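K.L.:
File follows, my_file08.txt with compact mmCIF, C-alpha atoms:
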# COMPACT_ATOMS: atom_id res chain seq x y z
CA MET A 1 -95.37 -54.16 58.06
CA ILE A 2 -94.65 -56.93 60.57
CA ASP A 3 -97.34 -58.94 58.79
CA LEU A 4 -95.40 -58.70 55.54
CA LEU A 5 -92.38 -60.19 57.27
CA THR A 6 -94.18 -63.04 59.01
CA GLN A 7 -96.70 -64.02 56.34
CA PRO A 8 -95.74 -66.39 53.54
CA TRP A 9 -95.11 -64.69 50.21
CA PRO A 10 -96.98 -65.82 47.10
CA TRP A 11 -94.97 -67.40 44.28
CA TYR A 12 -95.33 -64.39 41.99
CA VAL A 13 -93.50 -62.25 44.56
CA ALA A 14 -90.89 -64.74 45.71
CA GLY A 15 -90.06 -66.22 42.29
CA PRO A 16 -89.09 -62.92 40.63
CA LEU A 17 -87.05 -61.95 43.73
CA ILE A 18 -85.15 -65.24 43.44
CA GLY A 19 -84.63 -64.58 39.73
CA LEU A 20 -83.11 -61.21 40.59
CA MET A 21 -80.32 -63.01 42.49
CA LEU A 22 -78.73 -63.66 39.09
CA PRO A 23 -78.19 -60.02 38.06
CA LEU A 24 -77.56 -59.01 41.70
CA LEU A 25 -74.59 -61.36 42.08
CA LEU A 26 -73.29 -60.42 38.64
CA PHE A 27 -73.56 -56.77 39.57
CA LEU A 28 -71.85 -57.19 42.95
CA GLY A 29 -68.74 -58.69 41.42
CA ASN A 30 -69.42 -60.87 38.37
CA LYS A 31 -70.40 -63.92 40.43
CA THR A 32 -72.47 -66.80 39.07
CA PHE A 33 -75.44 -67.70 41.26
CA GLY A 34 -75.13 -71.19 42.77
CA VAL A 35 -75.21 -72.76 46.21
CA SER A 36 -73.83 -76.28 45.99
CA SER A 37 -70.28 -75.22 45.06
CA SER A 38 -70.05 -74.12 48.71
CA PHE A 39 -69.87 -77.84 49.64
CA ARG A 40 -66.76 -78.17 47.50
CA HIS A 41 -65.16 -75.09 49.05
CA VAL A 42 -65.84 -76.40 52.56
CA CYS A 43 -64.14 -79.69 51.67
CA SER A 44 -61.25 -77.90 50.04
CA ALA A 45 -60.78 -75.69 53.10
CA THR A 46 -61.02 -78.51 55.67
CA ILE A 47 -60.11 -82.00 54.39
CA PRO A 48 -58.76 -81.69 50.84
CA ALA A 49 -56.88 -85.00 51.36
CA GLY A 50 -54.71 -84.34 48.34
CA LEU A 51 -57.63 -84.95 45.96
CA GLU A 52 -57.42 -83.17 42.65
CA TYR A 53 -61.03 -81.96 42.86
CA PHE A 54 -60.25 -80.03 46.05
CA ASN A 55 -56.85 -78.78 44.94
CA TYR A 56 -57.53 -75.15 44.04
CA ASN A 57 -57.48 -71.86 45.87
CA TRP A 58 -60.83 -71.91 47.65
CA LYS A 59 -60.09 -68.48 49.09
CA GLU A 60 -60.83 -67.04 45.65
CA SER A 61 -64.36 -68.35 46.12
CA ARG A 62 -64.79 -67.01 49.62
CA TRP A 63 -67.73 -64.93 48.42
CA ASN A 64 -69.73 -68.16 48.08
CA LEU A 65 -69.10 -69.06 51.73
CA TRP A 66 -70.15 -65.56 52.83
CA PHE A 67 -73.25 -66.03 50.72
CA VAL A 68 -74.29 -69.31 52.37
CA LEU A 69 -73.47 -67.91 55.82
CA GLY A 70 -75.88 -65.11 54.95
CA MET A 71 -78.48 -67.72 53.99
CA ILE A 72 -78.20 -69.27 57.47
CA ILE A 73 -78.80 -65.82 58.98
CA GLY A 74 -81.66 -65.21 56.53
CA GLY A 75 -83.18 -68.50 57.67
CA PHE A 76 -82.83 -67.39 61.29
CA LEU A 77 -84.57 -64.09 60.55
CA GLY A 78 -87.32 -65.55 58.38
CA GLY A 79 -87.90 -68.80 60.23
CA PHE A 80 -87.20 -67.84 63.83
CA VAL A 81 -87.44 -64.09 64.43
CA PHE A 82 -90.26 -63.48 61.92
CA ASP A 83 -91.59 -67.03 61.95
CA ASN A 84 -95.00 -67.68 60.44
CA PRO A 85 -97.01 -69.34 63.24
CA GLU A 86 -99.57 -70.82 60.84
CA PRO A 87 -99.14 -74.19 59.14
CA ILE A 88 -98.41 -74.14 55.40
CA GLN A 89 -101.46 -73.86 53.14
CA LEU A 90 -100.70 -77.17 51.52
CA ALA A 91 -102.86 -78.57 48.71
CA ALA A 92 -105.58 -80.77 50.25
CA GLN A 93 -104.69 -83.60 47.88
CA THR A 94 -101.04 -83.66 49.02
CA GLN A 95 -102.03 -83.53 52.66
CA GLN A 96 -104.43 -86.42 52.17
CA GLU A 97 -101.92 -88.58 50.32
CA LEU A 98 -99.23 -87.93 52.92
CA ALA A 99 -101.65 -88.67 55.75
CA VAL A 100 -102.37 -92.04 54.15
CA LEU A 101 -98.61 -92.68 54.18
CA GLY A 102 -98.49 -91.94 57.90
CA ILE A 103 -97.56 -88.25 58.16
CA SER A 104 -99.69 -86.78 60.94
CA ASP A 105 -97.98 -83.52 61.89
CA PHE A 106 -98.34 -80.79 59.27
CA ASP A 107 -97.03 -77.95 61.44
CA GLY A 108 -93.93 -76.06 60.42
CA MET A 109 -91.65 -76.44 57.38
CA ILE A 110 -90.72 -80.12 57.76
CA PRO A 111 -92.61 -83.18 59.02
CA ASN A 112 -91.62 -83.61 62.65
CA ASP A 113 -92.65 -87.27 62.39
CA LEU A 114 -89.65 -87.87 60.15
CA PHE A 115 -87.08 -85.25 61.10
CA ASN A 116 -86.32 -85.58 64.77
CA TRP A 117 -83.33 -86.68 66.81
CA SER A 118 -84.91 -89.86 68.14
CA ASN A 119 -85.68 -90.98 64.58
CA LEU A 120 -82.13 -90.29 63.39
CA LEU A 121 -80.71 -93.73 64.01
CA SER A 122 -83.76 -95.69 62.84
CA LEU A 123 -83.60 -97.15 59.35
CA GLN A 124 -86.14 -94.55 58.24
CA GLY A 125 -84.13 -91.68 59.71
CA LEU A 126 -80.91 -92.98 58.19
CA ILE A 127 -82.46 -93.13 54.74
CA VAL A 128 -84.24 -89.76 54.86
CA MET A 129 -81.66 -87.64 56.68
CA ILE A 130 -78.24 -89.26 56.23
CA ALA A 131 -78.62 -90.97 52.84
CA GLY A 132 -80.88 -88.20 51.52
CA GLY A 133 -78.39 -85.49 52.45
CA PHE A 134 -75.51 -87.52 51.06
CA LEU A 135 -77.27 -87.91 47.69
CA VAL A 136 -77.98 -84.17 47.58
CA GLY A 137 -74.30 -83.31 48.01
CA PHE A 138 -72.93 -86.11 45.85
CA GLY A 139 -75.47 -85.59 43.06
CA ALA A 140 -75.16 -81.80 43.03
CA ARG A 141 -71.39 -81.97 42.65
CA TYR A 142 -71.56 -84.82 40.11
CA ALA A 143 -73.99 -82.77 38.03
CA GLY A 144 -72.00 -79.59 38.66
CA GLY A 145 -74.91 -77.67 40.12
CA CYS A 146 -78.16 -77.83 42.05
CA THR A 147 -81.50 -76.07 41.87
CA SER A 148 -79.93 -72.60 41.92
CA GLY A 149 -77.03 -73.29 39.55
CA HIS A 150 -78.80 -75.56 37.07
CA ALA A 151 -82.58 -75.23 37.37
CA ILE A 152 -82.50 -71.42 37.70
CA THR A 153 -79.19 -70.00 36.42
CA GLY A 154 -78.58 -72.65 33.77
CA MET A 155 -82.17 -72.71 32.52
CA ALA A 156 -82.29 -68.89 32.41
CA SER A 157 -79.22 -68.98 30.16
CA PHE A 158 -80.58 -71.89 28.06
CA GLN A 159 -77.70 -74.30 28.69
CA LYS A 160 -78.07 -77.87 27.52
CA ALA A 161 -76.25 -79.18 30.60
CA SER A 162 -78.81 -77.58 32.88
CA ILE A 163 -81.82 -78.77 30.92
CA ILE A 164 -80.54 -82.37 31.14
CA SER A 165 -79.77 -81.96 34.85
CA THR A 166 -83.13 -80.43 35.70
CA VAL A 167 -84.97 -83.25 33.92
CA GLY A 168 -82.79 -85.63 35.95
CA PHE A 169 -83.70 -83.82 39.18
CA PHE A 170 -87.37 -84.37 38.44
CA ILE A 171 -87.09 -88.00 37.40
CA GLY A 172 -85.13 -88.73 40.60
CA GLY A 173 -87.72 -86.89 42.66
CA LEU A 174 -90.62 -88.73 41.06
CA ILE A 175 -88.95 -92.10 41.69
CA VAL A 176 -88.66 -91.26 45.38
CA THR A 177 -92.16 -89.81 45.65
CA TYR A 178 -94.06 -92.60 43.95
CA LEU A 179 -91.86 -95.68 44.45
CA LEU A 180 -89.66 -95.25 47.50
CA LEU A 181 -91.53 -92.98 49.93
CA PRO A 182 -94.53 -95.34 50.32
CA VAL A 183 -92.05 -97.99 51.50
CA ILE A 184 -89.82 -95.69 53.57
CA LEU A 185 -92.71 -94.02 55.41
CA ASN A 186 -94.00 -97.45 56.45
CA LEU A 187 -90.70 -98.49 58.03
CA MET B 1 -69.33 -58.67 53.12
CA ARG B 2 -71.81 -57.60 50.41
CA TYR B 3 -72.33 -61.27 49.61
CA LEU B 4 -73.31 -61.88 53.21
CA PHE B 5 -76.18 -59.44 52.76
CA ALA B 6 -77.14 -60.97 49.42
CA GLY B 7 -77.25 -64.32 51.20
CA ILE B 8 -79.40 -62.98 54.05
CA PHE B 9 -81.85 -61.62 51.50
CA PHE B 10 -81.90 -64.87 49.52
CA GLY B 11 -82.33 -67.01 52.64
CA PHE B 12 -85.19 -64.83 53.81
CA VAL B 13 -86.97 -65.11 50.45
CA LEU B 14 -86.49 -68.90 50.42
CA ILE B 15 -88.17 -69.33 53.77
CA LYS B 16 -90.97 -66.81 53.12
CA SER B 17 -91.79 -68.54 49.84
CA GLU B 18 -91.85 -71.88 51.72
CA VAL B 19 -89.77 -73.54 49.00
CA VAL B 20 -87.58 -74.86 51.83
CA SER B 21 -90.51 -76.96 53.01
CA TRP B 22 -90.49 -80.75 52.65
CA PHE B 23 -94.28 -80.50 52.28
CA ARG B 24 -94.03 -78.07 49.36
CA ILE B 25 -91.54 -80.34 47.61
CA GLN B 26 -93.97 -83.25 47.96
CA GLU B 27 -96.76 -81.03 46.63
CA MET B 28 -94.56 -80.26 43.62
CA PHE B 29 -93.65 -83.88 42.85
CA ARG B 30 -97.33 -84.84 43.20
CA PHE B 31 -98.35 -82.01 40.82
CA ASP B 32 -100.98 -80.80 43.29
CA ALA B 33 -100.31 -77.04 43.24
CA ILE B 34 -98.82 -74.33 41.07
CA HIS B 35 -96.72 -72.91 43.93
CA MET B 36 -93.28 -74.45 43.32
CA TYR B 37 -93.63 -74.30 39.54
CA GLY B 38 -94.64 -70.65 39.85
CA VAL B 39 -91.60 -69.83 41.97
CA LEU B 40 -89.14 -71.70 39.74
CA GLY B 41 -90.78 -70.58 36.49
CA SER B 42 -90.95 -66.90 37.36
CA ALA B 43 -87.40 -67.00 38.75
CA ILE B 44 -86.16 -68.45 35.45
CA ILE B 45 -88.09 -65.88 33.40
CA VAL B 46 -86.86 -62.93 35.47
CA GLY B 47 -83.32 -64.36 35.38
CA ALA B 48 -83.44 -64.81 31.60
CA LEU B 49 -84.85 -61.30 31.05
CA SER B 50 -82.15 -59.83 33.28
CA LEU B 51 -79.42 -61.61 31.33
CA TRP B 52 -80.92 -60.48 28.05
CA LEU B 53 -81.04 -56.86 29.26
CA ILE B 54 -77.47 -57.01 30.55
CA ASN B 55 -76.27 -58.23 27.15
CA ARG B 56 -78.49 -55.95 25.15
CA LEU B 57 -77.62 -52.77 27.02
CA ASN B 58 -74.08 -53.88 27.75
CA ILE B 59 -74.47 -53.13 31.44
CA GLY B 60 -71.35 -53.38 33.58
CA ASP B 61 -71.04 -54.38 37.22
CA LYS B 62 -70.72 -51.88 40.06
CA ASP B 63 -67.08 -51.24 39.16
CA GLY B 64 -67.86 -50.90 35.48
CA ASN B 65 -66.44 -54.30 34.49
CA SER B 66 -68.34 -56.41 32.01
CA MET B 67 -70.46 -59.20 33.48
CA SER B 68 -70.90 -62.75 32.30
CA LEU B 69 -72.05 -66.05 33.75
CA GLU B 70 -69.67 -68.94 34.19
CA SER B 71 -70.81 -71.43 31.59
CA LYS B 72 -71.43 -75.11 32.36
CA ASP B 73 -69.48 -77.64 30.32
CA ASN B 74 -72.09 -78.35 27.67
CA SER B 75 -69.91 -80.86 25.81
CA LEU B 76 -70.57 -83.52 28.47
CA ASN B 77 -73.78 -85.49 28.99
CA LYS B 78 -73.35 -88.40 31.39
CA ARG B 79 -72.52 -86.36 34.46
CA TYR B 80 -75.74 -84.38 34.09
CA VAL B 81 -77.88 -87.48 33.64
CA TYR B 82 -76.37 -89.48 36.52
CA GLY B 83 -75.68 -86.53 38.79
CA GLY B 84 -79.10 -85.06 38.11
CA LEU B 85 -80.87 -88.33 38.92
CA ILE B 86 -78.89 -88.83 42.13
CA PHE B 87 -79.55 -85.25 43.20
CA GLY B 88 -83.28 -85.68 42.50
CA LEU B 89 -83.44 -88.75 44.75
CA GLY B 90 -81.84 -86.78 47.59
CA TRP B 91 -83.98 -83.71 46.95
CA ALA B 92 -87.23 -85.63 47.41
CA LEU B 93 -85.96 -87.62 50.41
CA THR B 94 -84.73 -84.65 52.45
CA GLY B 95 -87.28 -82.30 50.88
CA ALA B 96 -84.46 -79.81 50.57
CA CYS B 97 -81.85 -78.85 48.04
CA PRO B 98 -78.55 -77.30 49.20
CA GLY B 99 -79.89 -73.76 49.80
CA PRO B 100 -82.78 -74.89 52.01
CA LEU B 101 -80.43 -77.11 54.04
CA TYR B 102 -78.57 -73.96 55.12
CA VAL B 103 -81.74 -71.93 55.57
CA LEU B 104 -83.59 -74.55 57.63
CA SER B 105 -80.56 -75.10 59.87
CA GLY B 106 -80.47 -71.35 60.48
CA SER B 107 -84.19 -71.21 61.26
CA GLY B 108 -83.59 -73.22 64.41
CA LEU B 109 -84.28 -76.71 63.00
CA LEU B 110 -80.93 -78.02 64.17
CA ILE B 111 -81.81 -81.54 63.04
CA MET B 112 -81.28 -80.27 59.47
CA LEU B 113 -77.58 -79.90 60.26
CA VAL B 114 -77.48 -83.69 59.87
CA PRO B 115 -78.45 -83.77 56.17
CA LEU B 116 -76.32 -80.64 55.65
CA MET B 117 -73.20 -82.34 57.04
CA SER B 118 -74.12 -85.45 55.13
CA ALA B 119 -74.36 -83.41 51.92
CA ILE B 120 -70.87 -82.01 52.49
CA ALA B 121 -69.67 -85.58 53.05
CA GLY B 122 -71.38 -86.52 49.78
CA ALA B 123 -69.49 -83.76 47.97
CA TRP B 124 -66.24 -85.09 49.47
CA VAL B 125 -66.95 -88.65 48.34
CA TYR B 126 -67.70 -87.31 44.87
CA GLY B 127 -64.29 -85.63 44.88
CA TYR B 128 -62.73 -88.94 45.92
CA LEU B 129 -64.52 -91.06 43.29
CA ARG B 130 -64.43 -88.44 40.54
CA PRO B 131 -61.56 -90.00 38.52
CA LYS B 132 -63.48 -93.30 38.33
CA LEU B 133 -66.93 -91.89 37.50
CA PRO B 134 -68.24 -91.51 33.95
CA HIS B 135 -68.62 -87.89 32.94
As structure tokens - that is how I would like this structure written.
P.N.:
Amino acid sequence: MIDLLTQPWPWYVAGPLIGLMLPLLLFLGNKTFGVSSSFRHVCSATIPAGLEYFNYNWKESRWNLWFVLGMIIGGFLGGFVFDNPEPIQLAAQTQQELAVLGISDFDGMIPNDLFNWSNLLSLQGLIVMIAGGFLVGFGARYAGGCTSGHAITGMASFQKASIISTVGFFIGGLIVTYLLLPVILNL
Amino acid sequence: MRYLFAGIFFGFVLIKSEVVSWFRIQEMFRFDAIHMYGVLGSAIIVGALSLWLINRLNIGDKDGNSMSLESKDNSLNKRYVYGGLIFGLGWALTGACPGPLYVLSGSGLLIMLVPLMSAIAGAWVYGYLRPKLPH
């Protein structure tokens, strides 16, 4: 039983469970599955600054903030309490290509070479952590959704907006992977 | 409160499926494994089947009210192209989309609070620039 909680789950278990978030949130109170709108609610609740985009009653969307708070707790349970001690079974090809680019530590969920406090104020750290995070938040709100809202919810309901966005997500990701990362990882 | 539990469940699945991993995102963009495509693909299929069943059988929510998704504005194009591209750049850099930023921070990787805060700042700047941006 403990093994089930610490071991990684295969895609054919995890994927369908993620898909079930759609009907679950509908069932719990007619809510549309999506994570990045929480960024907007946080802004609206803290520094709305009189901007039209943040001028709405965020309290009506409190459920979304409860939801992401739950995700933090879920991360604590899954990644700390029931942490998988083994490194990820990454494809050999990916590991090789990343090693060539200078990644040496394949333990854990993220490369410790890149994501650490002493790297934060280097040019590399600024690009990966600060600029990267900024683009995630800016882009998700510009597109009106992220992986959960567009790539899963929007694709499952066959919406044109989400198909365009998801193609955009991938083109952006490929640009970083093949053009920018080789430069950034050598900084 | 029920959404808190839904979030705990979702966060747990995200970390157990390793989709919160920078390494897995790289594996996906390098087309080296089925893993991420399997997760996303099966999630979309199960989601679509659920929606179809809900419509077909006219299932109501727990209080008996009818259920429907909020629709995206499908009359626009530019915002999805530009926003999607920008999001994709950030996704591959941080190796995390918004959900994983929360989940990883919770898992004890406090360094991920930096891109999370930065993402919230990004959302704010979008709100500030919104009137000037093409949609």
K.L.:
Which centre and which edge lengths, in Å to one decimal, describe the axis-aligned box that holds all listed atoms of region 88-92 of chain A after 3 Å is added on each side, as AutoDock Vina command-line options?
P.N.:
--center_x -102.0 --center_y -77.3 --center_z 52.1 --size_x 13.2 --size_y 12.9 --size_z 12.7
K.L.:
Which residue, B:Tyr37, B:Ile59, B:Val103, B:Leu53, has the smallest gap to chain A when you use all atoms listed in the file?
P.N.:
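Of B:Tyr37, B:Ile59, B:Val103, B:Leu53, the one nearest chain A, counting all atoms listed in the file, is B:Val103.
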K.L.:
Taking only C-alpha atoms into account, name the residue in A:Val100, A:Leu120, A:Ile18, A:Val128 that is nearest to Val39 (chain B).
P.N.:
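Ranking A:Val100, A:Leu120, A:Ile18, A:Val128 by distance to Val39 (chain B), first place goes to A:Ile18.
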K.L.:
CA of Ser61 (chain A) to CA of Phe138 (chain A): how many Å, to one decimal?
P.N.:
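Answer for the CA of Ser61 (chain A) to CA of Phe138 (chain A) separation: 19.7 Å.
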K.L.:
Which region 85-129 of chain B residues have any atom within 10 Å of an atom of region 162-172 of chain A, and for each, what is the nearest pair of atoms with distance in Å to one decimal, counting all atoms listed in the file, rows sorted by chain and number, as CSV?
P.N.:
residue,atom,partner,partner_atom,distance
B:Leu85,CA,A:Gly168,CA,4.4
B:Ile86,CA,A:Gly172,CA,6.4
B:Phe87,CA,A:Phe169,CA,6.0
B:Gly88,CA,A:Phe169,CA,3.8
B:Leu89,CA,A:Gly172,CA,4.5
B:Gly90,CA,A:Gly172,CA,8.0
B:Trp91,CA,A:Phe169,CA,7.8
B:Ala92,CA,A:Gly172,CA,7.8
B:Leu93,CA,A:Gly172,CA,9.9
K.L.:
Would you write out those residues with C-alpha atoms, as a PDB file, keeping the file's coordinate frame?
P.N.:
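See again16.pdb below for the written result:
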ATOM      1  CA  LEU B  85     -80.870 -88.330  38.920  1.00  0.00           C
ATOM      2  CA  ILE B  86     -78.890 -88.830  42.130  1.00  0.00           C
ATOM      3  CA  PHE B  87     -79.550 -85.250  43.200  1.00  0.00           C
ATOM      4  CA  GLY B  88     -83.280 -85.680  42.500  1.00  0.00           C
ATOM      5  CA  LEU B  89     -83.440 -88.750  44.750  1.00  0.00           C
ATOM      6  CA  GLY B  90     -81.840 -86.780  47.590  1.00  0.00           C
ATOM      7  CA  TRP B  91     -83.980 -83.710  46.950  1.00  0.00           C
ATOM      8  CA  ALA B  92     -87.230 -85.630  47.410  1.00  0.00           C
ATOM      9  CA  LEU B  93     -85.960 -87.620  50.410  1.00  0.00           C
TER      10      LEU B  93
END
K.L.:
So how many Å separate CA of Asp73 (chain B) and CA of Pro131 (chain B), to one decimal?
P.N.:
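CA of Asp73 (chain B) sits 16.8 Å away from CA of Pro131 (chain B).
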K.L.:
Which one is closest to Gly125 (chain A): B:Leu109, B:Ile8, B:Trp22, B:Val114? Count only C-alpha atoms.
P.N.:
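Closest residue, counting only C-alpha atoms: B:Val114.
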K.L.:
For a quick check of understanding, using only C-alpha atoms, which of A:Phe158, A:Pro23, A:Asp3, A:Val176 has the smallest distance to Pro85 (chain A)?
P.N.:
A:Asp3
K.L.:
Suppose you want the space between CA of Leu133 (chain B) and CA of Gly132 (chain A); what is it in Å?
P.N.:
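Atom-to-atom, CA of Leu133 (chain B) and CA of Gly132 (chain A) are spaced 20.1 Å apart.
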K.L.:
If we count all atoms listed in the file, what is near Ile111 (chain B) at a cut-off of 10 Å, once residues fewer than 6 positions away on the same chain are taken out, given as a list in words?
P.N.:
Phe115, Asn116, Trp117, Leu120 and Met129 of chain A; Leu104 and Ser105 of chain B
K.L.:
Please determine the residues with any atom at most 12 Å from (-82.3, -94.3, 56.8) (coordinates as given in the file, with only C-alpha atoms counting) and report them as a list in words.
P.N.:
Leu114, Phe115, Asn119, Leu120, Leu121, Ser122, Leu123, Gln124, Gly125, Leu126, Ile127, Val128, Met129, Ile130, Ala131, Gly132, Gly133, Phe134, Leu180, Leu181, Val183, Ile184, Leu185 and Leu187 of chain A; Gly90, Leu93, Thr94 and Pro115 of chain B
K.L.:
Near Trp63 (chain A), counting all atoms listed in the file, which residues have an atom at most 12 Å away, once you skip same-chain residues fewer than 4 positions from it, shown as a list in words?
P.N.:
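So, after excluding close chain neighbours, the residues are Leu25, Leu28, Gly29, Asn30, Lys31, Thr32, Phe33, Gly34, Val35, Ser37, Ser38, His41, Trp58, Lys59, Phe67, Val68, Leu69 and Gly70 of chain A; Met1, Arg2, Tyr3, Leu4, Phe5, Ala6 and Gly7 of chain B.
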K.L.:
Could the residues in this selection be written to a file with C-alpha atoms, as a PDB file, in the frame of the given file?
P.N.:
ATOM      1  CA  LEU A  25     -74.590 -61.360  42.080  1.00  0.00           C
ATOM      2  CA  LEU A  28     -71.850 -57.190  42.950  1.00  0.00           C
ATOM      3  CA  GLY A  29     -68.740 -58.690  41.420  1.00  0.00           C
ATOM      4  CA  ASN A  30     -69.420 -60.870  38.370  1.00  0.00           C
ATOM      5  CA  LYS A  31     -70.400 -63.920  40.430  1.00  0.00           C
ATOM      6  CA  THR A  32     -72.470 -66.800  39.070  1.00  0.00           C
ATOM      7  CA  PHE A  33     -75.440 -67.700  41.260  1.00  0.00           C
ATOM      8  CA  GLY A  34     -75.130 -71.190  42.770  1.00  0.00           C
ATOM      9  CA  VAL A  35     -75.210 -72.760  46.210  1.00  0.00           C
ATOM     10  CA  SER A  37     -70.280 -75.220  45.060  1.00  0.00           C
ATOM     11  CA  SER A  38     -70.050 -74.120  48.710  1.00  0.00           C
ATOM     12  CA  HIS A  41     -65.160 -75.090  49.050  1.00  0.00           C
ATOM     13  CA  TRP A  58     -60.830 -71.910  47.650  1.00  0.00           C
ATOM     14  CA  LYS A  59     -60.090 -68.480  49.090  1.00  0.00           C
ATOM     15  CA  PHE A  67     -73.250 -66.030  50.720  1.00  0.00           C
ATOM     16  CA  VAL A  68     -74.290 -69.310  52.370  1.00  0.00           C
ATOM     17  CA  LEU A  69     -73.470 -67.910  55.820  1.00  0.00           C
ATOM     18  CA  GLY A  70     -75.880 -65.110  54.950  1.00  0.00           C
TER      19      GLY A  70
ATOM     20  CA  MET B   1     -69.330 -58.670  53.120  1.00  0.00           C
ATOM     21  CA  ARG B   2     -71.810 -57.600  50.410  1.00  0.00           C
ATOM     22  CA  TYR B   3     -72.330 -61.270  49.610  1.00  0.00           C
ATOM     23  CA  LEU B   4     -73.310 -61.880  53.210  1.00  0.00           C
ATOM     24  CA  PHE B   5     -76.180 -59.440  52.760  1.00  0.00           C
ATOM     25  CA  ALA B   6     -77.140 -60.970  49.420  1.00  0.00           C
ATOM     26  CA  GLY B   7     -77.250 -64.320  51.200  1.00  0.00           C
TER      27      GLY B   7
END
K.L.:
My list of candidates is A:Ala49, A:Leu179, A:Thr153, A:Gly15. Which is closest to Ser68 (chain B) when distances are computed with only C-alpha atoms?
P.N.:
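Ranked by minimum distance to Ser68 (chain B), first place goes to A:Thr153.
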K.L.:
Between B:Asn55, B:Ser75, B:Asn65, B:Ser21, which residue has the minimum interatomic distance to chain A, considering only C-alpha atoms?
P.N.:
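Nearest to chain A: B:Ser21.
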K.L.:
Need the shell around Val19 (chain B): protein/DNA/RNA residues with any atom at most 8 Å away, counting all atoms listed in the file. Skip same-chain ones fewer than 6 positions apart. Format as JSON, numbers by chain?
P.N.:
{"B": [25, 36, 100]}
K.L.:
Mind checking which residues fall within 12 Å of Val46 (chain B), counting only C-alpha atoms, ignoring those fewer than 3 positions away in the same chain, and posting them as a list of chain:residue names?
P.N.:
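Answer for this query is A:Tyr12, A:Val13, A:Ala14, A:Gly15, A:Pro16, A:Leu17, A:Ile18, A:Gly19, A:Leu20, A:Met21, A:Leu22, A:Pro23, A:Leu24, A:Ile152, A:Thr153, A:Met155, A:Ala156, A:Ser157, B:Gly38, B:Val39, B:Leu40, B:Gly41, B:Ser42, B:Ala43, B:Leu49, B:Ser50, B:Leu51, B:Trp52, B:Leu53.
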K.L.:
List the residues sitting within 9 Å of (-99.9, -79.9, 43.8) in the file's frame, using all atoms listed in the file, as a list of chain:residue names.
P.N.:
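Residues lying no farther than 9 Å from the given point: A:Leu90, A:Ala91, A:Ala92, A:Gln93, A:Thr94, B:Arg24, B:Gln26, B:Glu27, B:Met28, B:Phe29, B:Arg30, B:Phe31, B:Asp32, B:Ala33, B:Ile34, B:His35, B:Met36.
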K.L.:
Do you know which residues are at most 7 Å from Lys62 (chain B) counting only C-alpha atoms, after dropping those on the same chain fewer than 2 positions away, and could you put them as a JSON list (two decimals) with C-alpha atoms, keeping the file's coordinate frame?
P.N.:
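Dumped everything to part_13.json:
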[["chain", "number", "residue", "atom", "x", "y", "z"],
["A", 27, "PHE", "CA", -73.56, -56.77, 39.57],
["A", 28, "LEU", "CA", -71.85, -57.19, 42.95],
["B", 60, "GLY", "CA", -71.35, -53.38, 33.58],
["B", 64, "GLY", "CA", -67.86, -50.90, 35.48]]
